[in-house]
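Enquirer: Below is target21.txt; it holds compact mmCIF, N, CA, C and O atoms.
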```
# COMPACT_ATOMS: atom_id res chain seq x y z
N MET A 274 116.61 70.77 126.80
CA MET A 274 115.62 71.18 125.83
C MET A 274 114.57 72.09 126.47
O MET A 274 114.10 73.02 125.87
N ARG A 275 114.24 71.76 127.71
CA ARG A 275 113.23 72.54 128.41
C ARG A 275 113.72 73.96 128.67
O ARG A 275 112.94 74.91 128.61
N GLU A 276 115.03 74.12 128.95
CA GLU A 276 115.58 75.46 129.18
C GLU A 276 115.56 76.30 127.91
O GLU A 276 115.36 77.50 127.96
N LEU A 277 115.76 75.64 126.78
CA LEU A 277 115.71 76.34 125.51
C LEU A 277 114.32 76.93 125.26
O LEU A 277 114.19 78.06 124.79
N LEU A 278 113.29 76.20 125.62
CA LEU A 278 111.92 76.70 125.47
C LEU A 278 111.65 77.88 126.39
O LEU A 278 110.83 78.75 126.09
N ASN A 279 112.33 77.94 127.53
CA ASN A 279 112.17 79.07 128.44
C ASN A 279 112.79 80.35 127.87
O ASN A 279 112.30 81.44 128.11
N TYR A 280 113.88 80.22 127.12
CA TYR A 280 114.56 81.39 126.56
C TYR A 280 113.98 81.83 125.21
O TYR A 280 114.26 82.92 124.74
N LEU A 281 113.19 80.98 124.60
CA LEU A 281 112.63 81.30 123.29
C LEU A 281 111.79 82.58 123.28
O LEU A 281 111.99 83.43 122.40
N PRO A 282 110.88 82.81 124.24
CA PRO A 282 110.13 84.08 124.23
C PRO A 282 111.03 85.30 124.44
O PRO A 282 110.77 86.37 123.91
N VAL A 283 112.10 85.14 125.20
CA VAL A 283 113.01 86.26 125.45
C VAL A 283 113.77 86.64 124.18
O VAL A 283 114.00 87.82 123.91
N LEU A 284 114.13 85.65 123.38
CA LEU A 284 114.86 85.91 122.14
C LEU A 284 113.96 86.32 120.98
O LEU A 284 114.42 86.91 120.02
N ALA A 285 112.67 86.02 121.08
CA ALA A 285 111.75 86.32 119.97
C ALA A 285 111.64 87.82 119.72
O ALA A 285 111.59 88.26 118.57
N CYS A 286 111.63 88.63 120.75
CA CYS A 286 111.47 90.07 120.59
C CYS A 286 112.66 90.70 119.86
O CYS A 286 112.47 91.38 118.84
N PRO A 287 113.90 90.53 120.30
CA PRO A 287 115.01 91.17 119.59
C PRO A 287 115.22 90.61 118.18
O PRO A 287 115.54 91.35 117.26
N VAL A 288 115.02 89.32 118.00
CA VAL A 288 115.18 88.73 116.67
C VAL A 288 114.10 89.25 115.73
O VAL A 288 114.36 89.63 114.59
N GLY A 289 112.86 89.33 116.22
CA GLY A 289 111.76 89.87 115.41
C GLY A 289 111.98 91.33 115.06
O GLY A 289 111.73 91.76 113.94
N MET A 290 112.46 92.12 116.00
CA MET A 290 112.73 93.53 115.76
C MET A 290 113.85 93.70 114.74
O MET A 290 113.77 94.55 113.84
N GLY A 291 114.88 92.91 114.85
CA GLY A 291 115.97 92.98 113.88
C GLY A 291 115.50 92.62 112.48
O GLY A 291 115.87 93.26 111.49
N ALA A 292 114.64 91.60 112.37
CA ALA A 292 114.11 91.21 111.07
C ALA A 292 113.25 92.31 110.47
O ALA A 292 113.34 92.63 109.28
N MET A 293 112.41 92.94 111.29
CA MET A 293 111.57 94.03 110.80
C MET A 293 112.42 95.21 110.34
O MET A 293 112.14 95.82 109.30
N MET A 294 113.45 95.56 111.08
CA MET A 294 114.33 96.66 110.69
C MET A 294 115.04 96.33 109.38
O MET A 294 115.18 97.20 108.51
N TRP A 295 115.48 95.10 109.23
CA TRP A 295 116.17 94.70 108.00
C TRP A 295 115.23 94.81 106.80
O TRP A 295 115.61 95.32 105.76
N PHE A 296 114.00 94.35 106.93
CA PHE A 296 113.04 94.41 105.82
C PHE A 296 112.69 95.86 105.47
O PHE A 296 112.50 96.20 104.31
N MET A 297 112.60 96.72 106.46
CA MET A 297 112.21 98.10 106.20
C MET A 297 113.35 98.92 105.61
O MET A 297 113.10 99.89 104.89
N MET A 298 114.58 98.57 105.89
CA MET A 298 115.72 99.37 105.44
C MET A 298 116.29 98.89 104.10
O MET A 298 117.22 99.49 103.59
N ARG A 299 115.74 97.84 103.51
CA ARG A 299 116.25 97.34 102.24
C ARG A 299 116.06 98.39 101.15
O ARG A 299 115.01 99.01 101.06
N PRO A 300 117.06 98.61 100.30
CA PRO A 300 116.91 99.56 99.21
C PRO A 300 115.99 99.01 98.13
O PRO A 300 115.90 97.80 97.93
N GLY A 301 115.31 99.92 97.43
CA GLY A 301 114.45 99.51 96.33
C GLY A 301 113.11 98.97 96.77
O GLY A 301 112.40 98.35 96.00
N ARG A 302 112.72 99.22 97.99
CA ARG A 302 111.44 98.73 98.50
C ARG A 302 110.34 99.63 97.98
O ARG A 302 110.33 100.83 98.22
N LYS A 303 109.39 99.06 97.22
CA LYS A 303 108.27 99.82 96.68
C LYS A 303 106.97 99.12 97.04
O LYS A 303 106.90 97.90 97.01
N PRO A 304 105.93 99.90 97.36
CA PRO A 304 104.64 99.27 97.61
C PRO A 304 104.11 98.62 96.34
O PRO A 304 104.34 99.10 95.24
N ALA A 305 103.40 97.53 96.46
CA ALA A 305 102.88 96.81 95.31
C ALA A 305 101.80 97.64 94.61
O ALA A 305 100.95 98.24 95.26
N GLY A 306 101.87 97.68 93.28
CA GLY A 306 100.84 98.35 92.51
C GLY A 306 101.03 99.84 92.33
O GLY A 306 100.21 100.50 91.71
N THR A 307 102.07 100.42 92.89
CA THR A 307 102.31 101.86 92.72
C THR A 307 103.69 102.06 92.14
O THR A 307 104.60 101.28 92.36
N THR A 308 103.83 103.12 91.39
CA THR A 308 105.13 103.47 90.84
C THR A 308 105.57 104.79 91.46
O THR A 308 104.88 105.81 91.34
N ALA A 309 106.67 104.76 92.15
CA ALA A 309 107.19 105.96 92.79
C ALA A 309 108.02 106.76 91.78
O ALA A 309 108.71 106.17 90.95
N PRO A 310 107.94 108.10 91.83
CA PRO A 310 108.77 108.89 90.93
C PRO A 310 110.24 108.70 91.26
O PRO A 310 110.60 108.35 92.38
N ALA A 311 111.08 108.96 90.26
CA ALA A 311 112.52 108.76 90.45
C ALA A 311 113.04 109.64 91.57
O ALA A 311 113.77 109.20 92.44
N ASP A 312 112.67 110.91 91.56
CA ASP A 312 113.08 111.84 92.61
C ASP A 312 111.88 112.73 92.94
O ASP A 312 111.58 113.65 92.18
N PRO A 313 111.19 112.47 94.04
CA PRO A 313 109.99 113.25 94.35
C PRO A 313 110.26 114.73 94.57
O PRO A 313 109.41 115.57 94.28
N ARG A 314 111.46 115.07 95.03
CA ARG A 314 111.77 116.49 95.23
C ARG A 314 111.86 117.23 93.90
O ARG A 314 111.40 118.36 93.79
N GLU A 315 112.44 116.57 92.91
CA GLU A 315 112.53 117.19 91.58
C GLU A 315 111.14 117.37 90.98
O GLU A 315 110.85 118.38 90.34
N GLN A 316 110.28 116.39 91.17
CA GLN A 316 108.92 116.47 90.65
C GLN A 316 108.16 117.61 91.34
O GLN A 316 107.45 118.37 90.68
N GLU A 317 108.30 117.74 92.64
CA GLU A 317 107.64 118.81 93.37
C GLU A 317 108.18 120.17 92.95
O GLU A 317 107.43 121.13 92.79
N LEU A 318 109.49 120.26 92.74
CA LEU A 318 110.10 121.51 92.32
C LEU A 318 109.58 121.93 90.95
O LEU A 318 109.27 123.10 90.73
N ALA A 319 109.44 120.99 90.03
CA ALA A 319 108.91 121.30 88.71
C ALA A 319 107.47 121.78 88.80
O ALA A 319 107.07 122.74 88.12
N ALA A 320 106.67 121.16 89.67
CA ALA A 320 105.28 121.59 89.84
C ALA A 320 105.20 122.99 90.43
O ALA A 320 104.39 123.82 90.00
N LEU A 321 106.07 123.29 91.39
CA LEU A 321 106.08 124.63 91.99
C LEU A 321 106.53 125.69 90.98
O LEU A 321 105.97 126.79 90.94
N ARG A 322 107.50 125.35 90.14
CA ARG A 322 107.93 126.30 89.11
C ARG A 322 106.80 126.59 88.12
O ARG A 322 106.62 127.72 87.69
N THR A 323 106.04 125.56 87.78
CA THR A 323 104.90 125.75 86.89
C THR A 323 103.86 126.66 87.53
O THR A 323 103.30 127.55 86.87
N GLN A 324 103.60 126.47 88.82
CA GLN A 324 102.64 127.32 89.52
C GLN A 324 103.11 128.76 89.57
O GLN A 324 102.32 129.69 89.38
N VAL A 325 104.40 128.98 89.82
CA VAL A 325 104.94 130.33 89.87
C VAL A 325 104.80 131.00 88.51
O VAL A 325 104.41 132.17 88.41
N ASP A 326 105.11 130.27 87.45
CA ASP A 326 104.98 130.83 86.11
C ASP A 326 103.53 131.19 85.80
O ASP A 326 103.25 132.24 85.21
N ASP A 327 102.58 130.34 86.21
CA ASP A 327 101.17 130.63 85.99
C ASP A 327 100.73 131.87 86.76
O ASP A 327 99.99 132.72 86.23
N LEU A 328 101.19 132.00 88.00
CA LEU A 328 100.84 133.18 88.80
C LEU A 328 101.43 134.46 88.20
O LEU A 328 100.77 135.50 88.17
N ARG A 329 102.66 134.38 87.74
CA ARG A 329 103.27 135.55 87.11
C ARG A 329 102.51 135.95 85.85
O ARG A 329 102.34 137.13 85.57
N GLU A 330 102.07 134.97 85.09
CA GLU A 330 101.31 135.25 83.88
C GLU A 330 99.98 135.93 84.22
O GLU A 330 99.57 136.88 83.55
N GLN A 331 99.32 135.46 85.28
CA GLN A 331 98.06 136.06 85.70
C GLN A 331 98.25 137.49 86.17
O GLN A 331 97.39 138.34 85.96
N MET A 332 99.38 137.77 86.81
CA MET A 332 99.65 139.11 87.33
C MET A 332 100.26 140.02 86.27
O MET A 332 100.41 141.21 86.52
N GLY A 333 100.64 139.48 85.16
CA GLY A 333 101.23 140.28 84.10
C GLY A 333 102.69 140.59 84.33
O GLY A 333 103.21 141.58 83.83
N ILE A 334 103.37 139.76 85.08
CA ILE A 334 104.79 139.96 85.37
C ILE A 334 105.60 139.13 84.39
O ILE A 334 105.27 137.98 84.10
N GLN A 335 106.68 139.70 83.88
CA GLN A 335 107.55 138.97 82.96
C GLN A 335 108.29 137.87 83.72
O GLN A 335 108.72 138.09 84.85
N PRO A 336 108.45 136.71 83.10
CA PRO A 336 109.20 135.65 83.78
C PRO A 336 110.67 136.02 83.94
O PRO A 336 111.23 136.75 83.13
N GLU A 337 111.26 135.50 85.01
CA GLU A 337 112.68 135.77 85.26
C GLU A 337 113.54 135.00 84.26
O GLU A 337 113.31 133.84 84.00
N THR A 338 114.54 135.68 83.71
CA THR A 338 115.42 135.02 82.76
C THR A 338 116.76 134.68 83.39
O THR A 338 117.58 134.02 82.77
N THR A 339 117.00 135.12 84.62
CA THR A 339 118.28 134.88 85.26
C THR A 339 118.13 133.89 86.41
O THR A 339 118.74 134.07 87.46
N ALA A 340 117.32 132.88 86.24
CA ALA A 340 117.16 131.89 87.29
C ALA A 340 118.43 131.06 87.42
O ALA A 340 119.03 130.67 86.43
N VAL A 341 118.84 130.80 88.64
CA VAL A 341 120.06 130.05 88.91
C VAL A 341 119.66 128.71 89.49
O VAL A 341 118.91 128.63 90.46
N GLU A 342 120.18 127.65 88.90
CA GLU A 342 119.93 126.31 89.42
C GLU A 342 120.82 126.09 90.64
O GLU A 342 122.00 126.42 90.62
N PRO A 343 120.26 125.51 91.71
CA PRO A 343 121.10 125.21 92.88
C PRO A 343 122.08 124.10 92.57
O PRO A 343 121.80 123.20 91.80
N THR A 344 123.25 124.19 93.16
CA THR A 344 124.27 123.15 92.99
C THR A 344 124.08 122.10 94.04
O THR A 344 123.59 122.36 95.14
N ARG A 345 124.51 120.89 93.74
CA ARG A 345 124.35 119.78 94.69
C ARG A 345 125.67 119.41 95.29
O ARG A 345 126.69 119.41 94.82
```
Write out the structure in this file as structure tokens.
Expert:
Amino acid sequence: MRELLNYLPVLACPVGMGAMMWFMMRPGRKPAGTTAPADPREQELAALRTQVDDLREQMGIQPETTAVEPTR
């Protein structure tokens, strides 16, 4: 029993690290009280397109009608 207590601190580090990695890598992890957007890249892309349209309107440039959506 005494030898087991000697090895306990040695095993605590790798076991604790493995537990932390497992908790951090779980899918669907969200901070409490906040709602994350479904796809933040899509939301950012929509905001950038709105900004571009506003800038074109300010400059008096016609919006592009031949915009191509990227394929995934």
Enquirer: Using DSSP on the backbone, list every residue of stretch 281-336 of chain A that comes out as helix (DSSP H, G or I), and give them as an MDAnalysis selection string.
Expert: chainID A and resid 281:298 313:332
Enquirer: Could you tell me how far atom CA of A:Asp312 lies from atom CA of A:Pro300, in Å and to one decimal?
Expert: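 Result for atom CA of A:Asp312 versus atom CA of A:Pro300: 14.5 Å, one decimal.
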Enquirer: What's the separation between atom N of A:Gln331 and atom N of A:Arg314, in Å to one decimal place?
Expert: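 Separation between atom N of A:Gln331 and atom N of A:Arg314: 25.7 Å.
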Enquirer: Please supply stretch 313-324 of chain A, rebuilt with all heavy atoms, as a tab-separated table (two decimals), keeping the file's coordinate frame.
Expert:
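part-v8.tsv, freshly written:
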```tsv
chain	number	residue	atom	x	y	z
A	313	PRO	N	111.19	112.47	94.04
A	313	PRO	CA	109.99	113.25	94.35
A	313	PRO	C	110.26	114.73	94.57
A	313	PRO	O	109.41	115.57	94.28
A	313	PRO	CB	109.43	112.60	95.60
A	313	PRO	CG	110.48	111.67	96.10
A	313	PRO	CD	111.44	111.42	95.00
A	314	ARG	N	111.46	115.07	95.03
A	314	ARG	CA	111.77	116.49	95.23
A	314	ARG	C	111.86	117.23	93.90
A	314	ARG	O	111.40	118.36	93.79
A	314	ARG	CB	113.07	116.63	96.01
A	314	ARG	CG	112.92	116.22	97.46
A	314	ARG	CD	114.20	116.38	98.20
A	314	ARG	NE	115.04	115.25	97.83
A	314	ARG	CZ	116.30	115.11	98.17
A	314	ARG	NH1	116.89	116.02	98.88
A	314	ARG	NH2	116.97	114.05	97.81
A	315	GLU	N	112.44	116.57	92.91
A	315	GLU	CA	112.53	117.19	91.58
A	315	GLU	C	111.14	117.37	90.98
A	315	GLU	O	110.85	118.38	90.34
A	315	GLU	CB	113.41	116.35	90.65
A	315	GLU	CG	114.87	116.34	91.03
A	315	GLU	CD	115.53	117.69	90.86
A	315	GLU	OE1	115.13	118.45	89.96
A	315	GLU	OE2	116.45	118.00	91.63
A	316	GLN	N	110.28	116.39	91.17
A	316	GLN	CA	108.92	116.47	90.65
A	316	GLN	C	108.16	117.61	91.34
A	316	GLN	O	107.45	118.37	90.68
A	316	GLN	CB	108.21	115.14	90.86
A	316	GLN	CG	106.85	115.09	90.21
A	316	GLN	CD	106.20	113.73	90.38
A	316	GLN	OE1	106.65	112.91	91.17
A	316	GLN	NE2	105.15	113.50	89.63
A	317	GLU	N	108.30	117.74	92.64
A	317	GLU	CA	107.64	118.81	93.37
A	317	GLU	C	108.18	120.17	92.95
A	317	GLU	O	107.43	121.13	92.79
A	317	GLU	CB	107.81	118.61	94.88
A	317	GLU	CG	107.09	119.64	95.70
A	317	GLU	CD	107.23	119.42	97.19
A	317	GLU	OE1	107.95	118.48	97.60
A	317	GLU	OE2	106.65	120.21	97.95
A	318	LEU	N	109.49	120.26	92.74
A	318	LEU	CA	110.10	121.51	92.32
A	318	LEU	C	109.58	121.93	90.95
A	318	LEU	O	109.27	123.10	90.73
A	318	LEU	CB	111.63	121.37	92.29
A	318	LEU	CG	112.43	122.62	91.93
A	318	LEU	CD1	112.14	123.74	92.92
A	318	LEU	CD2	113.90	122.29	91.91
A	319	ALA	N	109.44	120.99	90.03
A	319	ALA	CA	108.91	121.30	88.71
A	319	ALA	C	107.47	121.78	88.80
A	319	ALA	O	107.07	122.74	88.12
A	319	ALA	CB	109.01	120.08	87.81
A	320	ALA	N	106.67	121.16	89.67
A	320	ALA	CA	105.28	121.59	89.84
A	320	ALA	C	105.20	122.99	90.43
A	320	ALA	O	104.39	123.82	90.00
A	320	ALA	CB	104.54	120.59	90.74
A	321	LEU	N	106.07	123.29	91.39
A	321	LEU	CA	106.08	124.63	91.99
A	321	LEU	C	106.53	125.69	90.98
A	321	LEU	O	105.97	126.79	90.94
A	321	LEU	CB	107.00	124.65	93.21
A	321	LEU	CG	106.49	123.90	94.43
A	321	LEU	CD1	107.56	123.84	95.51
A	321	LEU	CD2	105.23	124.54	94.96
A	322	ARG	N	107.50	125.35	90.14
A	322	ARG	CA	107.93	126.30	89.11
A	322	ARG	C	106.80	126.59	88.12
A	322	ARG	O	106.62	127.72	87.69
A	322	ARG	CB	109.16	125.77	88.38
A	322	ARG	CG	110.41	125.87	89.20
A	322	ARG	CD	111.61	125.36	88.45
A	322	ARG	NE	112.81	125.57	89.24
A	322	ARG	CZ	113.90	124.85	89.15
A	322	ARG	NH1	113.96	123.87	88.27
A	322	ARG	NH2	114.94	125.10	89.91
A	323	THR	N	106.04	125.56	87.78
A	323	THR	CA	104.90	125.75	86.89
A	323	THR	C	103.86	126.66	87.53
A	323	THR	O	103.30	127.55	86.87
A	323	THR	CB	104.27	124.39	86.53
A	323	THR	OG1	105.27	123.56	85.96
A	323	THR	CG2	103.12	124.54	85.57
A	324	GLN	N	103.60	126.47	88.82
A	324	GLN	CA	102.64	127.32	89.52
A	324	GLN	C	103.11	128.76	89.57
A	324	GLN	O	102.32	129.69	89.38
A	324	GLN	CB	102.42	126.80	90.94
A	324	GLN	CG	101.61	125.53	91.02
A	324	GLN	CD	101.43	125.06	92.45
A	324	GLN	OE1	101.95	125.66	93.40
A	324	GLN	NE2	100.71	123.96	92.61
```
